[in-house]
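Chemist: Contents of structure_30.tsv (TSV, C-alpha atoms) are below:
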```
chain	number	residue	atom	x	y	z
Z	1	MET	CA	118.52	82.49	73.12
Z	2	ASP	CA	116.17	85.45	72.74
Z	3	LEU	CA	115.55	87.93	75.55
Z	4	ALA	CA	112.21	86.41	76.60
Z	5	ALA	CA	113.84	83.01	77.06
Z	6	GLN	CA	116.76	84.59	78.93
Z	7	LEU	CA	114.36	86.34	81.32
Z	8	GLN	CA	112.45	83.11	81.95
Z	9	SER	CA	115.71	81.22	82.51
Z	10	LEU	CA	116.97	83.91	84.89
Z	11	ARG	CA	113.70	83.74	86.82
Z	12	ASP	CA	113.78	79.94	87.17
Z	13	GLN	CA	117.48	79.83	88.08
Z	14	GLY	CA	117.21	82.71	90.54
Z	15	VAL	CA	114.14	81.37	92.36
Z	16	ALA	CA	115.73	77.92	92.60
Z	17	ALA	CA	119.04	79.32	93.89
Z	18	VAL	CA	117.29	81.46	96.50
Z	19	ALA	CA	115.21	78.49	97.69
Z	20	ALA	CA	118.42	76.47	98.17
Z	21	ALA	CA	120.25	79.20	100.14
Z	22	GLY	CA	121.32	77.88	103.55
Z	23	ASP	CA	121.85	81.13	105.47
Z	24	SER	CA	121.54	84.91	105.25
Z	25	ASP	CA	125.15	85.38	104.07
Z	26	GLU	CA	124.60	83.06	101.12
Z	27	LEU	CA	121.31	84.80	100.40
Z	28	GLU	CA	123.03	88.21	100.33
Z	29	VAL	CA	125.59	86.94	97.81
Z	30	LEU	CA	122.72	85.76	95.59
Z	31	ARG	CA	120.90	89.08	95.98
Z	32	VAL	CA	123.92	91.00	94.70
Z	33	GLU	CA	124.39	88.48	91.88
Z	34	TYR	CA	120.81	88.73	90.65
Z	35	LEU	CA	119.45	92.11	91.80
Z	36	GLY	CA	122.54	94.22	92.38
Z	37	ARG	CA	123.56	97.28	90.36
Z	38	ASN	CA	125.76	95.09	88.17
Z	39	GLY	CA	123.64	91.96	88.56
Z	40	LYS	CA	122.13	89.65	86.01
Z	41	LEU	CA	118.70	91.33	86.05
Z	42	LYS	CA	120.25	94.75	85.45
Z	43	ALA	CA	122.13	93.39	82.42
Z	44	LEU	CA	118.93	92.03	80.89
Z	45	SER	CA	117.13	95.30	81.69
Z	46	LYS	CA	119.76	97.14	79.64
Z	47	ALA	CA	119.28	94.65	76.81
Z	48	PHE	CA	115.54	95.29	77.03
Z	49	ALA	CA	116.12	99.03	76.57
Z	50	ASP	CA	117.77	98.31	73.20
Z	51	GLU	CA	114.81	96.31	71.89
Z	52	PRO	CA	112.50	97.90	69.27
Z	53	GLY	CA	109.14	99.32	70.39
Z	54	GLU	CA	107.01	96.38	69.29
Z	55	ARG	CA	109.22	93.90	71.15
Z	56	LYS	CA	109.16	96.08	74.27
Z	57	ARG	CA	105.40	95.80	74.48
Z	58	THR	CA	105.76	92.02	74.53
Z	59	LEU	CA	108.82	91.84	76.74
Z	60	GLY	CA	107.74	94.51	79.27
Z	61	PRO	CA	105.31	92.27	81.20
Z	62	ILE	CA	107.85	89.41	81.16
Z	63	LEU	CA	110.53	91.70	82.60
Z	64	GLY	CA	108.09	92.93	85.26
Z	65	GLU	CA	107.08	89.38	86.21
Z	66	THR	CA	110.72	88.27	86.42
Z	67	THR	CA	111.61	91.23	88.65
Z	68	GLU	CA	108.64	90.63	90.92
Z	69	ALA	CA	109.31	86.87	91.14
Z	70	LEU	CA	112.95	87.39	92.15
Z	71	ARG	CA	112.14	90.08	94.72
Z	72	SER	CA	109.36	87.97	96.22
Z	73	ALA	CA	111.63	84.92	96.39
Z	74	PHE	CA	114.30	86.89	98.26
Z	75	ALA	CA	111.75	88.42	100.66
Z	76	ASP	CA	110.13	85.06	101.41
Z	77	LYS	CA	113.50	83.34	101.95
Z	78	MET	CA	114.70	86.11	104.24
Z	79	SER	CA	111.53	85.79	106.33
Z	80	ALA	CA	111.96	82.01	106.51
Z	81	LEU	CA	115.60	82.32	107.61
Z	82	SER	CA	114.66	84.93	110.22
Z	83	ARG	CA	111.98	82.67	111.65
Z	84	ALA	CA	114.42	79.77	111.77
Z	85	ASP	CA	116.97	81.88	113.64
Z	86	GLU	CA	114.34	82.97	116.15
Z	87	GLU	CA	113.20	79.40	116.78
Z	88	GLU	CA	116.77	78.19	117.31
Z	89	SER	CA	117.55	80.99	119.79
Z	90	ILE	CA	114.59	80.43	122.12
Z	91	ASP	CA	115.57	79.61	125.71
Z	92	ILE	CA	112.50	78.27	127.49
Z	93	THR	CA	114.12	78.88	130.89
Z	94	LEU	CA	114.06	82.66	130.41
Z	95	PRO	CA	111.22	84.78	131.87
Z	96	ARG	CA	108.40	85.54	129.45
Z	97	GLN	CA	108.94	88.79	127.58
Z	98	GLN	CA	106.23	91.33	126.94
Z	99	GLN	CA	104.65	91.00	123.51
Z	100	GLN	CA	106.36	93.29	121.05
Z	101	VAL	CA	104.36	95.27	118.51
Z	102	ARG	CA	105.48	94.28	115.02
Z	103	GLY	CA	106.31	97.02	112.57
Z	104	SER	CA	104.76	97.36	109.13
Z	105	ILE	CA	105.59	98.93	105.80
Z	106	HIS	CA	104.39	102.53	105.51
Z	107	PRO	CA	101.40	102.93	103.16
Z	108	ILE	CA	103.33	105.38	100.96
Z	109	THR	CA	106.14	102.83	100.59
Z	110	GLN	CA	103.60	100.14	99.72
Z	111	VAL	CA	102.05	102.27	96.97
Z	112	ALA	CA	105.50	103.35	95.72
Z	113	ALA	CA	106.43	99.68	95.25
Z	114	GLU	CA	103.24	99.09	93.27
Z	115	VAL	CA	103.94	102.14	91.07
Z	116	GLU	CA	107.45	100.83	90.36
Z	117	ARG	CA	106.03	97.41	89.46
Z	118	VAL	CA	103.52	98.93	87.02
Z	119	PHE	CA	106.15	101.07	85.28
Z	120	CYS	CA	108.68	98.25	85.08
Z	121	GLY	CA	105.95	96.26	83.32
Z	122	MET	CA	105.68	99.06	80.76
Z	123	GLY	CA	109.43	99.08	80.12
Z	124	PHE	CA	110.43	102.09	82.25
Z	125	ASP	CA	113.71	102.29	84.19
Z	126	VAL	CA	113.46	103.32	87.85
Z	127	ILE	CA	116.10	105.97	88.64
Z	128	ASP	CA	116.88	108.44	91.42
Z	129	GLY	CA	118.51	111.82	92.00
Z	130	PRO	CA	119.83	114.02	94.83
Z	131	HIS	CA	117.54	115.80	97.29
Z	132	ILE	CA	119.92	118.79	97.48
Z	133	GLU	CA	119.87	120.10	93.92
Z	134	GLU	CA	121.59	122.65	91.71
Z	135	ASP	CA	119.59	125.63	90.43
Z	136	GLN	CA	120.31	124.72	86.81
Z	137	PHE	CA	118.71	121.27	87.08
Z	138	ASN	CA	115.79	122.35	89.25
Z	139	PHE	CA	114.96	125.47	87.23
Z	140	SER	CA	117.16	126.78	84.40
Z	141	LEU	CA	117.37	123.65	82.22
Z	142	LEU	CA	113.61	123.17	82.65
Z	143	ASN	CA	112.78	126.46	80.92
Z	144	ILE	CA	112.46	128.39	84.22
Z	145	PRO	CA	115.10	131.18	84.08
Z	146	ASP	CA	115.94	133.45	87.02
Z	147	ASP	CA	113.27	136.05	86.19
Z	148	HIS	CA	110.46	133.60	85.38
Z	149	PRO	CA	107.31	134.09	87.54
Z	150	ALA	CA	106.85	130.31	87.74
Z	151	ARG	CA	109.58	130.28	90.36
Z	152	ASP	CA	107.12	131.88	92.77
Z	153	ALA	CA	105.10	128.64	92.78
Z	154	HIS	CA	108.26	126.78	93.84
Z	155	ASP	CA	109.04	128.80	96.96
Z	156	THR	CA	111.56	126.48	98.56
Z	157	PHE	CA	114.35	125.93	101.06
Z	158	TRP	CA	117.69	127.37	99.94
Z	159	MET	CA	121.13	126.33	101.20
Z	160	ARG	CA	123.84	128.82	102.14
Z	161	HIS	CA	126.03	127.66	99.26
Z	162	GLY	CA	123.37	128.54	96.66
Z	163	ARG	CA	121.86	125.10	96.25
Z	164	LEU	CA	118.35	124.14	97.27
Z	165	LEU	CA	116.12	121.30	98.38
Z	166	ARG	CA	114.56	120.15	95.11
Z	167	THR	CA	110.97	121.29	94.54
Z	168	HIS	CA	110.11	118.55	92.05
Z	169	THR	CA	111.58	115.31	90.75
Z	170	SER	CA	111.58	116.94	87.30
Z	171	ALA	CA	115.13	117.97	88.20
Z	172	VAL	CA	116.17	114.37	87.46
Z	173	GLN	CA	114.81	114.85	83.94
Z	174	ALA	CA	117.37	117.56	83.26
Z	175	ARG	CA	120.14	115.36	84.68
Z	176	VAL	CA	119.19	112.45	82.41
Z	177	TYR	CA	119.02	114.63	79.29
Z	178	ALA	CA	122.56	115.81	80.00
Z	179	GLN	CA	123.85	112.22	80.12
Z	180	GLU	CA	121.71	110.09	77.79
Z	181	GLN	CA	120.08	110.32	74.39
Z	182	PRO	CA	116.66	108.98	73.29
Z	183	PRO	CA	114.88	106.67	73.40
Z	184	LEU	CA	114.31	107.29	77.12
Z	185	ARG	CA	111.74	105.72	79.47
Z	186	LYS	CA	112.35	106.74	83.06
Z	187	VAL	CA	110.41	107.02	86.31
Z	188	VAL	CA	111.63	108.72	89.49
Z	189	ILE	CA	110.06	108.34	92.94
Z	190	GLY	CA	111.40	110.58	95.70
Z	191	LYS	CA	110.86	113.30	98.26
Z	192	VAL	CA	110.46	116.94	97.24
Z	193	PHE	CA	110.30	120.06	99.39
Z	194	ARG	CA	108.29	123.28	99.17
Z	195	TYR	CA	107.55	126.10	101.57
Z	196	ASP	CA	103.79	125.42	101.49
Z	197	GLU	CA	101.12	126.00	104.08
Z	198	VAL	CA	100.21	122.65	105.61
Z	199	ASP	CA	96.55	121.63	105.29
Z	200	ALA	CA	94.49	118.52	104.48
Z	201	THR	CA	95.95	118.22	100.97
Z	202	HIS	CA	99.35	120.01	101.19
Z	203	ASP	CA	102.58	119.46	103.10
Z	204	THR	CA	106.07	120.95	103.04
Z	205	THR	CA	107.56	117.53	102.28
Z	206	PHE	CA	105.88	115.04	99.98
Z	207	THR	CA	106.69	112.23	97.56
Z	208	GLN	CA	106.50	112.77	93.82
Z	209	VAL	CA	106.48	110.31	90.94
Z	210	GLU	CA	108.10	111.77	87.84
Z	211	GLY	CA	107.67	109.81	84.63
Z	212	PHE	CA	108.97	110.80	81.21
Z	213	LEU	CA	109.29	109.17	77.82
Z	214	ILE	CA	111.26	110.59	74.88
Z	215	ASP	CA	111.21	108.89	71.47
Z	216	ARG	CA	110.13	109.41	67.88
Z	217	ASP	CA	106.46	110.16	67.14
Z	218	ILE	CA	105.29	110.36	70.76
Z	219	HIS	CA	101.97	112.21	71.22
Z	220	ALA	CA	99.45	113.05	73.96
Z	221	GLY	CA	97.58	109.81	73.37
Z	222	HIS	CA	100.59	107.88	74.71
Z	223	LEU	CA	100.55	110.11	77.80
Z	224	VAL	CA	96.84	109.51	78.50
Z	225	ALA	CA	97.17	105.75	78.01
Z	226	THR	CA	100.15	105.59	80.39
Z	227	LEU	CA	98.32	107.57	83.08
Z	228	LYS	CA	95.15	105.47	82.80
Z	229	THR	CA	97.11	102.24	83.01
Z	230	THR	CA	99.09	103.40	86.03
Z	231	ILE	CA	96.28	104.96	88.07
Z	232	ARG	CA	93.79	102.16	87.49
Z	233	ALA	CA	96.38	99.49	88.27
Z	234	VAL	CA	97.50	101.12	91.52
Z	235	LEU	CA	93.97	101.93	92.68
Z	236	GLN	CA	92.91	98.42	91.61
Z	237	ARG	CA	89.77	99.75	89.94
Z	238	ASP	CA	88.76	99.89	86.28
Z	239	ASP	CA	86.03	102.48	86.85
Z	240	VAL	CA	88.38	105.37	87.78
Z	241	GLU	CA	87.59	108.36	85.56
Z	242	LEU	CA	90.24	110.80	84.33
Z	243	ARG	CA	89.90	114.22	82.77
Z	244	LEU	CA	92.53	116.61	81.44
Z	245	ARG	CA	92.31	120.39	81.85
Z	246	PRO	CA	94.61	122.79	80.00
Z	247	SER	CA	97.21	124.25	82.35
Z	248	PHE	CA	100.61	125.94	82.29
Z	249	PHE	CA	103.92	124.42	83.28
Z	250	PRO	CA	107.09	126.00	81.83
Z	251	PHE	CA	108.70	122.66	80.95
Z	252	VAL	CA	105.79	121.22	78.91
Z	253	GLU	CA	103.75	122.45	75.92
Z	254	PRO	CA	100.85	121.78	75.90
Z	255	GLY	CA	100.36	121.25	79.64
Z	256	PHE	CA	97.47	119.68	81.53
Z	257	GLU	CA	96.12	119.18	85.01
Z	258	VAL	CA	94.66	115.70	85.52
Z	259	ASP	CA	91.65	115.16	87.76
Z	260	VAL	CA	90.31	111.79	88.86
Z	261	ARG	CA	86.97	110.64	90.17
Z	262	ILE	CA	85.82	107.32	91.64
Z	263	PRO	CA	82.12	106.91	90.86
Z	264	GLY	CA	80.05	106.05	93.90
Z	265	SER	CA	82.85	106.81	96.35
Z	266	PRO	CA	81.72	108.69	99.49
Z	267	GLY	CA	83.17	112.08	100.37
Z	268	ARG	CA	85.56	114.12	98.25
Z	269	PHE	CA	86.78	111.20	96.11
Z	270	GLY	CA	83.34	110.80	94.56
Z	271	GLN	CA	83.93	114.25	93.04
Z	272	TRP	CA	86.69	115.41	90.73
Z	273	VAL	CA	90.02	115.65	92.63
Z	274	GLU	CA	93.20	117.14	91.18
Z	275	LEU	CA	95.92	114.49	91.12
Z	276	LEU	CA	98.81	115.52	88.88
Z	277	GLY	CA	100.27	117.82	86.23
Z	278	CYS	CA	101.60	116.65	82.89
Z	279	GLY	CA	102.17	117.54	79.25
Z	280	MET	CA	104.38	117.15	76.21
Z	281	VAL	CA	108.01	118.03	76.94
Z	282	HIS	CA	108.75	121.59	75.83
Z	283	PRO	CA	111.09	121.88	72.80
Z	284	GLU	CA	113.31	124.28	74.75
Z	285	VAL	CA	113.81	121.66	77.45
Z	286	LEU	CA	114.82	119.13	74.81
Z	287	ARG	CA	117.23	121.60	73.20
Z	288	ALA	CA	118.78	122.34	76.60
Z	289	GLY	CA	119.47	118.61	76.87
Z	290	ASN	CA	121.00	118.48	73.35
Z	291	ILE	CA	117.98	116.56	72.00
Z	292	ASP	CA	116.64	117.64	68.61
Z	293	PRO	CA	112.88	118.43	68.98
Z	294	SER	CA	112.40	118.10	65.22
Z	295	ILE	CA	113.25	114.40	65.56
Z	296	TYR	CA	112.14	113.50	69.07
Z	297	SER	CA	109.12	114.32	71.21
Z	298	GLY	CA	107.91	113.04	74.53
Z	299	PHE	CA	105.72	113.46	77.57
Z	300	ALA	CA	106.32	114.01	81.28
Z	301	PHE	CA	104.15	114.04	84.37
Z	302	GLY	CA	104.51	114.69	88.09
Z	303	LEU	CA	102.23	112.69	90.37
Z	304	GLY	CA	101.84	113.25	94.11
Z	305	LEU	CA	102.23	109.82	95.71
Z	306	GLU	CA	100.51	110.92	98.93
Z	307	ARG	CA	97.37	111.89	97.02
Z	308	LEU	CA	97.42	108.58	95.18
Z	309	THR	CA	97.74	106.78	98.52
Z	310	MET	CA	94.85	108.82	99.89
Z	311	LEU	CA	92.72	107.75	96.94
Z	312	ARG	CA	93.76	104.12	97.33
Z	313	HIS	CA	92.83	103.94	101.01
Z	314	GLY	CA	90.12	106.61	101.32
Z	315	ILE	CA	92.27	108.88	103.54
Z	316	ASP	CA	90.93	112.44	103.65
Z	317	ASP	CA	93.87	114.22	105.35
Z	318	ILE	CA	97.47	114.09	104.10
Z	319	ARG	CA	98.77	114.87	107.60
Z	320	PHE	CA	97.90	111.35	108.77
Z	321	LEU	CA	100.58	109.94	106.47
Z	322	ASN	CA	103.54	111.85	107.92
Z	323	ALA	CA	102.42	112.35	111.52
Z	324	GLY	CA	104.01	109.10	112.74
Z	325	ASP	CA	100.82	108.08	114.53
Z	326	LEU	CA	101.02	104.28	114.83
Z	327	ARG	CA	97.28	104.06	115.44
Z	328	SER	CA	96.78	105.27	111.89
Z	329	LEU	CA	99.67	103.46	110.20
Z	330	HIS	CA	98.93	100.01	111.69
Z	331	GLN	CA	95.64	99.99	109.80
Z	332	PHE	CA	97.59	99.52	106.57
Z	333	ALA	CA	99.87	96.70	107.72
Z	334	SER	CA	100.15	94.02	105.06
```
What would you get if you wrote out this structure as structure tokens?

Modeler:
Amino acid sequence: MDLAAQLQSLRDQGVAAVAAAGDSDELEVLRVEYLGRNGKLKALSKAFADEPGERKRTLGPILGETTEALRSAFADKMSALSRADEEESIDITLPRQQQQVRGSIHPITQVAAEVERVFCGMGFDVIDGPHIEEDQFNFSLLNIPDDHPARDAHDTFWMRHGRLLRTHTSAVQARVYAQEQPPLRKVVIGKVFRYDEVDATHDTTFTQVEGFLIDRDIHAGHLVATLKTTIRAVLQRDDVELRLRPSFFPFVEPGFEVDVRIPGSPGRFGQWVELLGCGMVHPEVLRAGNIDPSIYSGFAFGLGLERLTMLRHGIDDIRFLNAGDLRSLHQFAS
């Protein structure tokens, strides 16, 4: 049975098994079996990574659809079981309780889930890394030695033991290069920390999406196509315009800043707004990860998830997202 048929079979079996689950304990056993670290979906995802490039383009959407179908089935079943438990536990003789305000998923978390879905559809693996990082992974292995002036732009929070709160999710890049060899397709979504002045577009803590792809014959055209696909899918608009401006980042060469514009949008988003930095992975970074740059090339980008969320919902001040003001957050309840 080829991988496409295996994915379809896994989807059908998993959805059917979830629908037949009788209680939350049984559902949790199924979740581990299908979606756990050593589950059936993870095994097929690893098999997908070994497929040739042409097959990945065909299998990527199937893998994404299977993942989404299983996650949706588990979420729906959990909601149904919760409602059933609530209905069974109602005692009509008790005094009426005050109406409770229901919680909702934070808009950043909503957009992060959509970003993961888009990248899984393109064959990327979603990975993570530590918030408290080593200097070598955050700086040295990314072509930023101790005396490099680029460190000034990453003024950060240092620990007493010489480690630091990571300033970018690019640190996970260096960790992956030290453990794996190409081809690599990875995306990281996580918090980063910088000693920045807080204003309408900056915060000391924000969420960054780091994507990188290393393989043979990768060029800037692959980078542009990936960014267009991602941004337009998440913003749910085909008219989003992108432009690349030359810029400097020590870990890429050449490097670019990417601006976006939504034609006809009122306010600042109708004009060009800086969204992310990107470029082709620097040969020195590849060498530091024991990857031969004469054989392999690749691209990397760092995207601020808060800014993408602001674009998605027309929010003009980043401070609304992390202020914990329920009056703001309830507007985005799904």

Chemist: With all atoms listed in the file as the atoms that count, which of Z:Asp155, Z:Glu116, Z:Asp199, Z:Glu65 lies nearest to Lys186 (chain Z)?

Modeler: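 Selected residue with least distance to Lys186 (chain Z): Z:Glu116.
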
Chemist: Between CA of Pro61 (chain Z) and CA of Ser104 (chain Z), measure the distance and give it in Å to one decimal.

Modeler: 28.4 Å

Chemist: Between CA of Asp217 (chain Z) and CA of Arg185 (chain Z), what is the distance, to one decimal in Å?

Modeler: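 Between these atoms lies a distance of 14.1 Å.
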
Chemist: Which residue out of Z:Tyr195, Z:Ala171, Z:Arg287, Z:Leu242 has the minimum interatomic distance to Ala225 (chain Z) when all atoms listed in the file are used?

Modeler: Z:Leu242

Chemist: Give me the residues near Phe251 (chain Z) as a list in words, where near means some atom within 10 Å (using all atoms listed in the file) and where sequence neighbours in that chain fewer than 5 positions away do not count.

Modeler: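 Close residues of Phe251 (chain Z): Phe139, Leu141, Leu142, Asn143, Ile144, Ser170, Cys278, Gly279, Met280, Val281, His282, Pro283, Glu284, Val285, Leu286 and Ala300 of chain Z.
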
Chemist: Got a sec: who's within 8 Å of Glu274 (chain Z), counting all atoms listed in the file, leaving out chain neighbours fewer than 3 positions off, as a PDB file with C-alpha atoms, in the coordinates of the input?

Modeler:
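Output below, filename selection28.pdb:
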```
ATOM      1  CA  GLU Z 257      96.120 119.180  85.010  1.00  0.00           C
ATOM      2  CA  VAL Z 258      94.660 115.700  85.520  1.00  0.00           C
ATOM      3  CA  ASP Z 259      91.650 115.160  87.760  1.00  0.00           C
ATOM      4  CA  VAL Z 260      90.310 111.790  88.860  1.00  0.00           C
TER       5      VAL Z 260
END
```

Chemist: Can you pull out every residue within 9 Å of Arg319 (chain Z), counting all atoms listed in the file, but drop anything in the same chain fewer than 2 positions away, and send it as an NGL selection string?

Modeler: :Z and (198-203 or 317 or 321-323)

Chemist: Rounded to one decimal, what separation in Å do you get between CA of Pro254 (chain Z) and CA of Trp272 (chain Z)?

Modeler: 21.5 Å

Chemist: Produce the centre coordinates and the three edge lengths, each in Å to one decimal, of the box along x, y and z that contains all listed atoms of region 71-83 of chain Z with 5 Å added on each side, as lines of an AutoDock Vina configuration file.

Modeler:
```
center_x = 112.5
center_y = 86.0
center_z = 103.2
size_x = 16.2
size_y = 18.1
size_z = 26.9
```

Chemist: List every protein, DNA or RNA residue that has at least one atom no more than 9 Å from (105.4, 106.6, 106.6) in the file's coordinates, counting all atoms listed in the file, and write the result as a VMD selection string.

Modeler: chain Z and resid 105 to 109 321 to 324 329

Chemist: Determine the nearest neighbour of Phe157 (chain Z) from the options Z:Arg175, Z:Val192, Z:Gly129, Z:Asp50, counting only C-alpha atoms.

Modeler: Z:Val192

Chemist: My list of candidates is Z:Ala113, Z:Leu308, Z:Met159, Z:Ala220. Which is closest to Glu134 (chain Z) when distances are computed with only C-alpha atoms?

Modeler: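 The shortest atom-to-atom distance to Glu134 (chain Z) comes from Z:Met159.
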
Chemist: Counting only C-alpha atoms, which residues of region 125-216 of chain Z sit at most 12 Å from some atom of region 26-49 of chain Z, and what is each one's closest atom pair with its distance in Å to one decimal, listed by chain and rising residue number, as a Markdown table?

Modeler:
```
| residue | atom | partner | partner_atom | distance |
| --- | --- | --- | --- | --- |
| Z:Asp125 | CA | Z:Ser45 | CA | 8.2 |
| Z:Val126 | CA | Z:Ser45 | CA | 10.8 |
| Z:Ile127 | CA | Z:Arg37 | CA | 11.6 |
| Z:Pro182 | CA | Z:Ala49 | CA | 10.5 |
| Z:Pro183 | CA | Z:Ala49 | CA | 8.4 |
| Z:Leu184 | CA | Z:Ala49 | CA | 8.5 |
| Z:Arg185 | CA | Z:Ala49 | CA | 8.5 |
| Z:Lys186 | CA | Z:Ala49 | CA | 10.8 |
```

Chemist: Name the closest residue to Arg57 (chain Z) among the candidates Z:Gly264, Z:Val172, Z:Cys120, Z:Leu81; distances are taken between atoms, counting all atoms listed in the file.

Modeler: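 Going through Z:Gly264, Z:Val172, Z:Cys120, Z:Leu81 one by one, the smallest distance to Arg57 (chain Z) is for Z:Cys120.
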
Chemist: Between Z:Ser140, Z:Ser24, Z:Ser9, Z:Thr93, which one has atoms that come closest to Thr66 (chain Z), using all atoms listed in the file?

Modeler: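 Among the listed residues, Z:Ser9 lies closest to Thr66 (chain Z).
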
Chemist: Neighbours of Arg11 (chain Z) within 10 Å (only C-alpha atoms; same-chain residues fewer than 5 positions away dropped), as an mmCIF file with C-alpha atoms, in the coordinates of the input?

Modeler:
```
data_model
loop_
_atom_site.group_PDB
_atom_site.id
_atom_site.type_symbol
_atom_site.label_atom_id
_atom_site.label_comp_id
_atom_site.auth_asym_id
_atom_site.auth_seq_id
_atom_site.Cartn_x
_atom_site.Cartn_y
_atom_site.Cartn_z
ATOM 1 C CA ALA Z 5 113.840 83.010 77.060
ATOM 2 C CA GLN Z 6 116.760 84.590 78.930
ATOM 3 C CA ALA Z 16 115.730 77.920 92.600
ATOM 4 C CA ALA Z 17 119.040 79.320 93.890
ATOM 5 C CA TYR Z 34 120.810 88.730 90.650
ATOM 6 C CA LEU Z 41 118.700 91.330 86.050
ATOM 7 C CA ILE Z 62 107.850 89.410 81.160
ATOM 8 C CA LEU Z 63 110.530 91.700 82.600
ATOM 9 C CA GLU Z 65 107.080 89.380 86.210
ATOM 10 C CA THR Z 66 110.720 88.270 86.420
ATOM 11 C CA THR Z 67 111.610 91.230 88.650
ATOM 12 C CA GLU Z 68 108.640 90.630 90.920
ATOM 13 C CA ALA Z 69 109.310 86.870 91.140
ATOM 14 C CA LEU Z 70 112.950 87.390 92.150
ATOM 15 C CA ALA Z 73 111.630 84.920 96.390
#
```
